[in-house]
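Colleague: Next up is a structure, given as structure tokens.
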Amino acid sequence: MSKLTMTNLTPLIASLIALAANANSAGEGLPPSSSWNVDYAETECRLSRTFGTGTEMFTFRITRGANLKSIEYAVASKSLKIIDSNYSVTLRLDPTGMTYKMPLLWYRLPSGEGALRFVGDEAFKPDEIALARTFSLELNGLKPIRLAVGNMQKPMTALDACYGDLLIAWGINPAQIQGLKKTVQPIDINSWWVFRPGWAREAAKDKSWMTARLDVSEAGKATYCKVLASSGSAELDARVCTLALKNARLSPAISASGEKVAAPFVFNIQMRN
């Protein structure tokens, strides 16, 4: 039997360290480079954190807002190249192994960073996210983006608390939304005539978005409209509500027991030229 010495042990240790580093990189992903931050914005709650450093740094954001039970995700990085041919992304949560395929929107930030945004549907539950330790984003044509998010229990609890406060500020009972099997869904929302390019000229100069709430009956009829975040113009706010009440086509909410029920619907309008 050969005898191990420090001389012949060193390469073995180096190999083991390299294997461990590779396993950590593949299994756990990019380590965080900042703490989680919860931003109480005017019409949404944002949970964000950076991962990696330098040109390989990624900003990851989880947002709750107008989509009510759904959750929006965004990833941005200087190293992220926009690929127009991708129309969906697969998000994998480990160690649970849960995977979700969602529609994808590419865009570029004013800072020049490439970014992608995708929205999880109502089946994508916050408690499943809280169990995850690694988020992996898989897109055709790009190597997977793997982020070591760590324990998500406290960050998701903070995000949910922020969102509960936001719903209350909107005049919505959080328990009502949590108890729905399916939220109100818009039908051909572009036909409502509330997304006109000319709105930007009538809105306040510092306003790029406005948010409104519709109260929707169990028959899918919009019965009341309230502006939650003004365009900066009372006249424009009133016009948007009038058009929404007149033209909105909606599929009513479904309760946990499977019945059609009255519920709110919240939507954002971008003030664009």
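Scheme for the structure tokens: letters A, B, ... for chains in order shown; per-chain residue numbers from 1; ligand numbers from 1 in order shown.
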Determine, using only C-alpha atoms, which residues of region 124-204 of chain A have any atom at most 7 Å from an atom of region 234-247 of chain A, and tabulate each with its shortest atom pair and distance in Å to one decimal place, rows ordered by chain and then rising number, as a Markdown table.

Modeller:
| residue | atom | partner | partner_atom | distance |
| --- | --- | --- | --- | --- |
| A:Trp192 | CA | A:Asn247 | CA | 4.9 |
| A:Trp193 | CA | A:Leu243 | CA | 6.6 |
| A:Val194 | CA | A:Val240 | CA | 5.7 |
| A:Glu202 | CA | A:Leu236 | CA | 6.9 |

Colleague: With all heavy atoms retained, export the selected residues as a short mmCIF file (atom, residue, chain, number, x, y, z; two decimals), in the first residue's frame.

Modeller:
data_model
loop_
_atom_site.label_atom_id
_atom_site.label_comp_id
_atom_site.auth_asym_id
_atom_site.auth_seq_id
_atom_site.Cartn_x
_atom_site.Cartn_y
_atom_site.Cartn_z
N TRP A 192 -60.85 47.66 -25.46
CA TRP A 192 -61.52 48.55 -24.50
C TRP A 192 -61.27 50.03 -24.81
O TRP A 192 -61.91 50.89 -24.23
CB TRP A 192 -61.02 48.27 -23.09
CG TRP A 192 -61.32 46.90 -22.57
CD1 TRP A 192 -61.83 45.83 -23.25
CD2 TRP A 192 -61.10 46.44 -21.23
NE1 TRP A 192 -61.95 44.74 -22.43
CE2 TRP A 192 -61.51 45.08 -21.18
CE3 TRP A 192 -60.62 47.04 -20.08
CZ2 TRP A 192 -61.43 44.32 -20.02
CZ3 TRP A 192 -60.52 46.29 -18.91
CH2 TRP A 192 -60.94 44.93 -18.89
N TRP A 193 -60.31 50.32 -25.66
CA TRP A 193 -59.96 51.69 -26.03
C TRP A 193 -59.43 52.52 -24.86
O TRP A 193 -59.65 53.73 -24.78
CB TRP A 193 -61.16 52.41 -26.68
CG TRP A 193 -61.53 51.82 -28.00
CD1 TRP A 193 -62.47 50.86 -28.23
CD2 TRP A 193 -60.94 52.11 -29.27
NE1 TRP A 193 -62.53 50.52 -29.56
CE2 TRP A 193 -61.59 51.28 -30.24
CE3 TRP A 193 -59.94 52.97 -29.70
CZ2 TRP A 193 -61.26 51.30 -31.59
CZ3 TRP A 193 -59.61 53.00 -31.06
CH2 TRP A 193 -60.27 52.17 -31.96
N VAL A 194 -58.72 51.84 -23.95
CA VAL A 194 -58.12 52.57 -22.82
C VAL A 194 -56.60 52.60 -22.94
O VAL A 194 -55.91 53.00 -22.01
CB VAL A 194 -58.52 51.95 -21.46
CG1 VAL A 194 -60.00 52.11 -21.22
CG2 VAL A 194 -58.10 50.48 -21.38
N GLU A 202 -51.83 64.15 -22.62
CA GLU A 202 -52.79 64.70 -21.67
C GLU A 202 -52.43 64.41 -20.21
O GLU A 202 -52.93 65.07 -19.31
CB GLU A 202 -54.18 64.13 -21.97
CG GLU A 202 -54.67 64.46 -23.37
CD GLU A 202 -56.07 63.93 -23.61
OE1 GLU A 202 -56.93 64.13 -22.74
OE2 GLU A 202 -56.30 63.31 -24.66
#

Colleague: Which of region 14-101 of chain A end up as strand (DSSP E) when DSSP is run on this backbone - answer as a short mmCIF file (atom, residue, chain, number, x, y, z; two decimals) with N, CA, C and O atoms, in the first residue's frame?

Modeller:
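Generated output (states30.cif):
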data_model
loop_
_atom_site.label_atom_id
_atom_site.label_comp_id
_atom_site.auth_asym_id
_atom_site.auth_seq_id
_atom_site.Cartn_x
_atom_site.Cartn_y
_atom_site.Cartn_z
N ASN A 37 -34.30 43.45 -0.75
CA ASN A 37 -34.88 44.76 -0.48
C ASN A 37 -36.34 44.78 -0.92
O ASN A 37 -36.66 44.39 -2.04
N VAL A 38 -37.24 45.21 -0.03
CA VAL A 38 -38.66 45.36 -0.36
C VAL A 38 -38.95 46.82 -0.60
O VAL A 38 -38.71 47.67 0.26
N ASP A 39 -39.46 47.13 -1.79
CA ASP A 39 -39.77 48.50 -2.19
C ASP A 39 -41.28 48.69 -2.21
O ASP A 39 -41.99 48.04 -2.98
N TYR A 40 -41.78 49.58 -1.38
CA TYR A 40 -43.20 49.93 -1.36
C TYR A 40 -43.44 51.00 -2.42
O TYR A 40 -43.41 52.19 -2.14
N CYS A 45 -45.55 46.14 -5.18
CA CYS A 45 -44.53 45.84 -4.18
C CYS A 45 -43.43 45.04 -4.87
O CYS A 45 -43.70 44.08 -5.59
N ARG A 46 -42.18 45.45 -4.66
CA ARG A 46 -41.05 44.82 -5.35
C ARG A 46 -40.06 44.25 -4.35
O ARG A 46 -39.65 44.93 -3.42
N LEU A 47 -39.67 43.02 -4.59
CA LEU A 47 -38.64 42.35 -3.80
C LEU A 47 -37.45 42.13 -4.74
O LEU A 47 -37.59 41.48 -5.77
N SER A 48 -36.29 42.71 -4.41
CA SER A 48 -35.17 42.63 -5.34
C SER A 48 -33.86 42.31 -4.64
O SER A 48 -33.68 42.57 -3.46
N ARG A 49 -32.93 41.76 -5.44
CA ARG A 49 -31.61 41.40 -4.94
C ARG A 49 -30.67 41.23 -6.12
O ARG A 49 -31.10 40.89 -7.22
N THR A 50 -29.38 41.50 -5.92
CA THR A 50 -28.39 41.28 -6.97
C THR A 50 -27.61 40.00 -6.69
O THR A 50 -27.41 39.61 -5.53
N PHE A 51 -27.15 39.37 -7.78
CA PHE A 51 -26.40 38.13 -7.70
C PHE A 51 -25.18 38.25 -8.60
O PHE A 51 -25.27 38.78 -9.70
N PHE A 58 -26.34 39.97 -11.95
CA PHE A 58 -27.74 39.93 -12.34
C PHE A 58 -28.59 40.58 -11.26
O PHE A 58 -28.35 40.37 -10.07
N THR A 59 -29.57 41.36 -11.68
CA THR A 59 -30.57 41.89 -10.75
C THR A 59 -31.84 41.08 -10.93
O THR A 59 -32.34 40.93 -12.04
N PHE A 60 -32.34 40.55 -9.82
CA PHE A 60 -33.53 39.71 -9.85
C PHE A 60 -34.63 40.41 -9.05
O PHE A 60 -34.40 40.84 -7.92
N ARG A 61 -35.82 40.54 -9.65
CA ARG A 61 -36.92 41.24 -8.97
C ARG A 61 -38.20 40.42 -9.03
O ARG A 61 -38.54 39.87 -10.08
N ILE A 62 -38.89 40.34 -7.92
CA ILE A 62 -40.20 39.69 -7.83
C ILE A 62 -41.20 40.78 -7.48
O ILE A 62 -41.00 41.53 -6.52
N THR A 63 -42.28 40.90 -8.26
CA THR A 63 -43.23 41.99 -8.09
C THR A 63 -44.65 41.47 -7.92
O THR A 63 -45.07 40.54 -8.61
N ARG A 64 -45.38 42.08 -6.99
CA ARG A 64 -46.81 41.82 -6.86
C ARG A 64 -47.54 43.15 -7.04
O ARG A 64 -47.16 44.16 -6.46
N ILE A 71 -47.75 36.61 -10.01
CA ILE A 71 -46.49 37.21 -9.58
C ILE A 71 -45.63 37.47 -10.80
O ILE A 71 -45.53 36.64 -11.70
N GLU A 72 -45.02 38.66 -10.85
CA GLU A 72 -44.18 39.03 -11.98
C GLU A 72 -42.71 38.95 -11.59
O GLU A 72 -42.32 39.31 -10.49
N TYR A 73 -41.89 38.45 -12.53
CA TYR A 73 -40.46 38.32 -12.32
C TYR A 73 -39.71 39.11 -13.38
O TYR A 73 -40.15 39.21 -14.52
N ALA A 74 -38.56 39.66 -13.00
CA ALA A 74 -37.71 40.35 -13.97
C ALA A 74 -36.25 40.05 -13.63
O ALA A 74 -35.87 40.00 -12.46
N VAL A 75 -35.45 39.83 -14.67
CA VAL A 75 -34.02 39.60 -14.52
C VAL A 75 -33.30 40.54 -15.48
O VAL A 75 -33.69 40.64 -16.65
N ALA A 76 -32.28 41.23 -14.98
CA ALA A 76 -31.55 42.17 -15.82
C ALA A 76 -30.05 42.01 -15.60
O ALA A 76 -29.60 41.71 -14.48
N SER A 77 -29.27 42.20 -16.67
CA SER A 77 -27.82 42.10 -16.57
C SER A 77 -27.17 42.70 -17.81
O SER A 77 -27.74 42.65 -18.90
N SER A 88 -40.83 32.31 -24.51
CA SER A 88 -41.19 31.73 -23.22
C SER A 88 -39.92 31.39 -22.46
O SER A 88 -38.84 31.29 -23.03
N VAL A 89 -40.08 31.25 -21.16
CA VAL A 89 -38.97 30.88 -20.29
C VAL A 89 -39.46 29.79 -19.35
O VAL A 89 -40.62 29.78 -18.95
N THR A 90 -38.57 28.87 -19.00
CA THR A 90 -38.89 27.84 -18.02
C THR A 90 -38.19 28.18 -16.72
O THR A 90 -36.97 28.38 -16.70
N LEU A 91 -38.96 28.31 -15.66
CA LEU A 91 -38.41 28.60 -14.34
C LEU A 91 -38.44 27.31 -13.52
O LEU A 91 -39.50 26.69 -13.38
N ARG A 92 -37.30 26.94 -12.98
CA ARG A 92 -37.21 25.74 -12.16
C ARG A 92 -36.87 26.15 -10.73
O ARG A 92 -35.97 26.97 -10.50
N LEU A 93 -37.60 25.60 -9.77
CA LEU A 93 -37.36 25.85 -8.35
C LEU A 93 -36.74 24.61 -7.73
O LEU A 93 -37.32 23.53 -7.79
N ASP A 94 -35.58 24.77 -7.15
CA ASP A 94 -34.93 23.64 -6.46
C ASP A 94 -34.75 23.99 -4.99
O ASP A 94 -34.60 25.16 -4.63
N MET A 98 -39.92 21.87 -8.89
CA MET A 98 -41.09 22.41 -9.57
C MET A 98 -40.64 23.23 -10.77
O MET A 98 -39.69 24.02 -10.68
N THR A 99 -41.31 23.06 -11.92
CA THR A 99 -40.98 23.84 -13.11
C THR A 99 -42.23 24.52 -13.66
O THR A 99 -43.33 23.98 -13.58
N TYR A 100 -42.04 25.71 -14.22
CA TYR A 100 -43.13 26.49 -14.79
C TYR A 100 -42.67 27.11 -16.10
O TYR A 100 -41.57 27.66 -16.18
N LYS A 101 -43.51 27.02 -17.12
CA LYS A 101 -43.20 27.65 -18.40
C LYS A 101 -44.11 28.84 -18.57
O LYS A 101 -45.34 28.73 -18.48
#

Colleague: In Å, how far is it from CA of Ala132 (chain A) to CA of Lys154 (chain A)?

Modeller: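 For CA of Ala132 (chain A) relative to CA of Lys154 (chain A), the distance reads 12.1 Å.
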
Colleague: Using only C-alpha atoms, pick whichever of A:Ser111, A:Thr96, A:Thr55, A:Gln185 has the shortest atom-to-atom distance to Glu128 (chain A).

Modeller: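 That would be A:Thr96, the residue with the smallest distance to Glu128 (chain A).
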
Colleague: Looking only at the backbone, which of the residues in region 10-160 of chain A does DSSP tag as alpha helix (DSSP H), as number ranges by chain?

Modeller: A: 10-27, 126-130, 153-160

Colleague: Fewer than 4 positions away in the same chain doesn't count, so skip those; otherwise give me all residues within 8 Å of Leu214 (chain A), counting only C-alpha atoms, as a count of residues only.

Modeller: 9

Colleague: What's the 12 Å shell around Gly54 (chain A), counting only C-alpha atoms, without same-chain residues fewer than 6 positions away, as a list in words?

Modeller: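 Here the answer would be Ser33, Ser77, Lys78 and Ser79 of chain A.
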
Colleague: For Glu218 (chain A), please output as a list of chain:residue names all residues within 8 Å (counting only C-alpha atoms; exclusion window: fewer than 3 positions along the same chain).

Modeller: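 Listed by chain and then number, they are A:Lys221, A:Pro252, A:Ala253, A:Lys260, A:Val261, A:Ala262, A:Ala263.
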
Colleague: Of the residues A:Leu228, A:Val149, A:Ala175, A:Ile129, which is the one nearest to Pro31 (chain A), using only C-alpha atoms?

Modeller: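 Smallest distance to Pro31 (chain A) is found for A:Val149.
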
Colleague: Kindly indicate which residue among A:Ile269, A:Val184, A:Ile168, A:Cys162 lies nearest to Trp209 (chain A), using only C-alpha atoms for the distances.

Modeller: A:Ile269

Colleague: Give the answer as one residue: which of A:Ala219, A:Ile82, A:Glu42, A:Gly52 has the shortest atom-to-atom distance to Lys207 (chain A), using only C-alpha atoms?

Modeller: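 Closest to Lys207 (chain A) of all the choices is A:Glu42.
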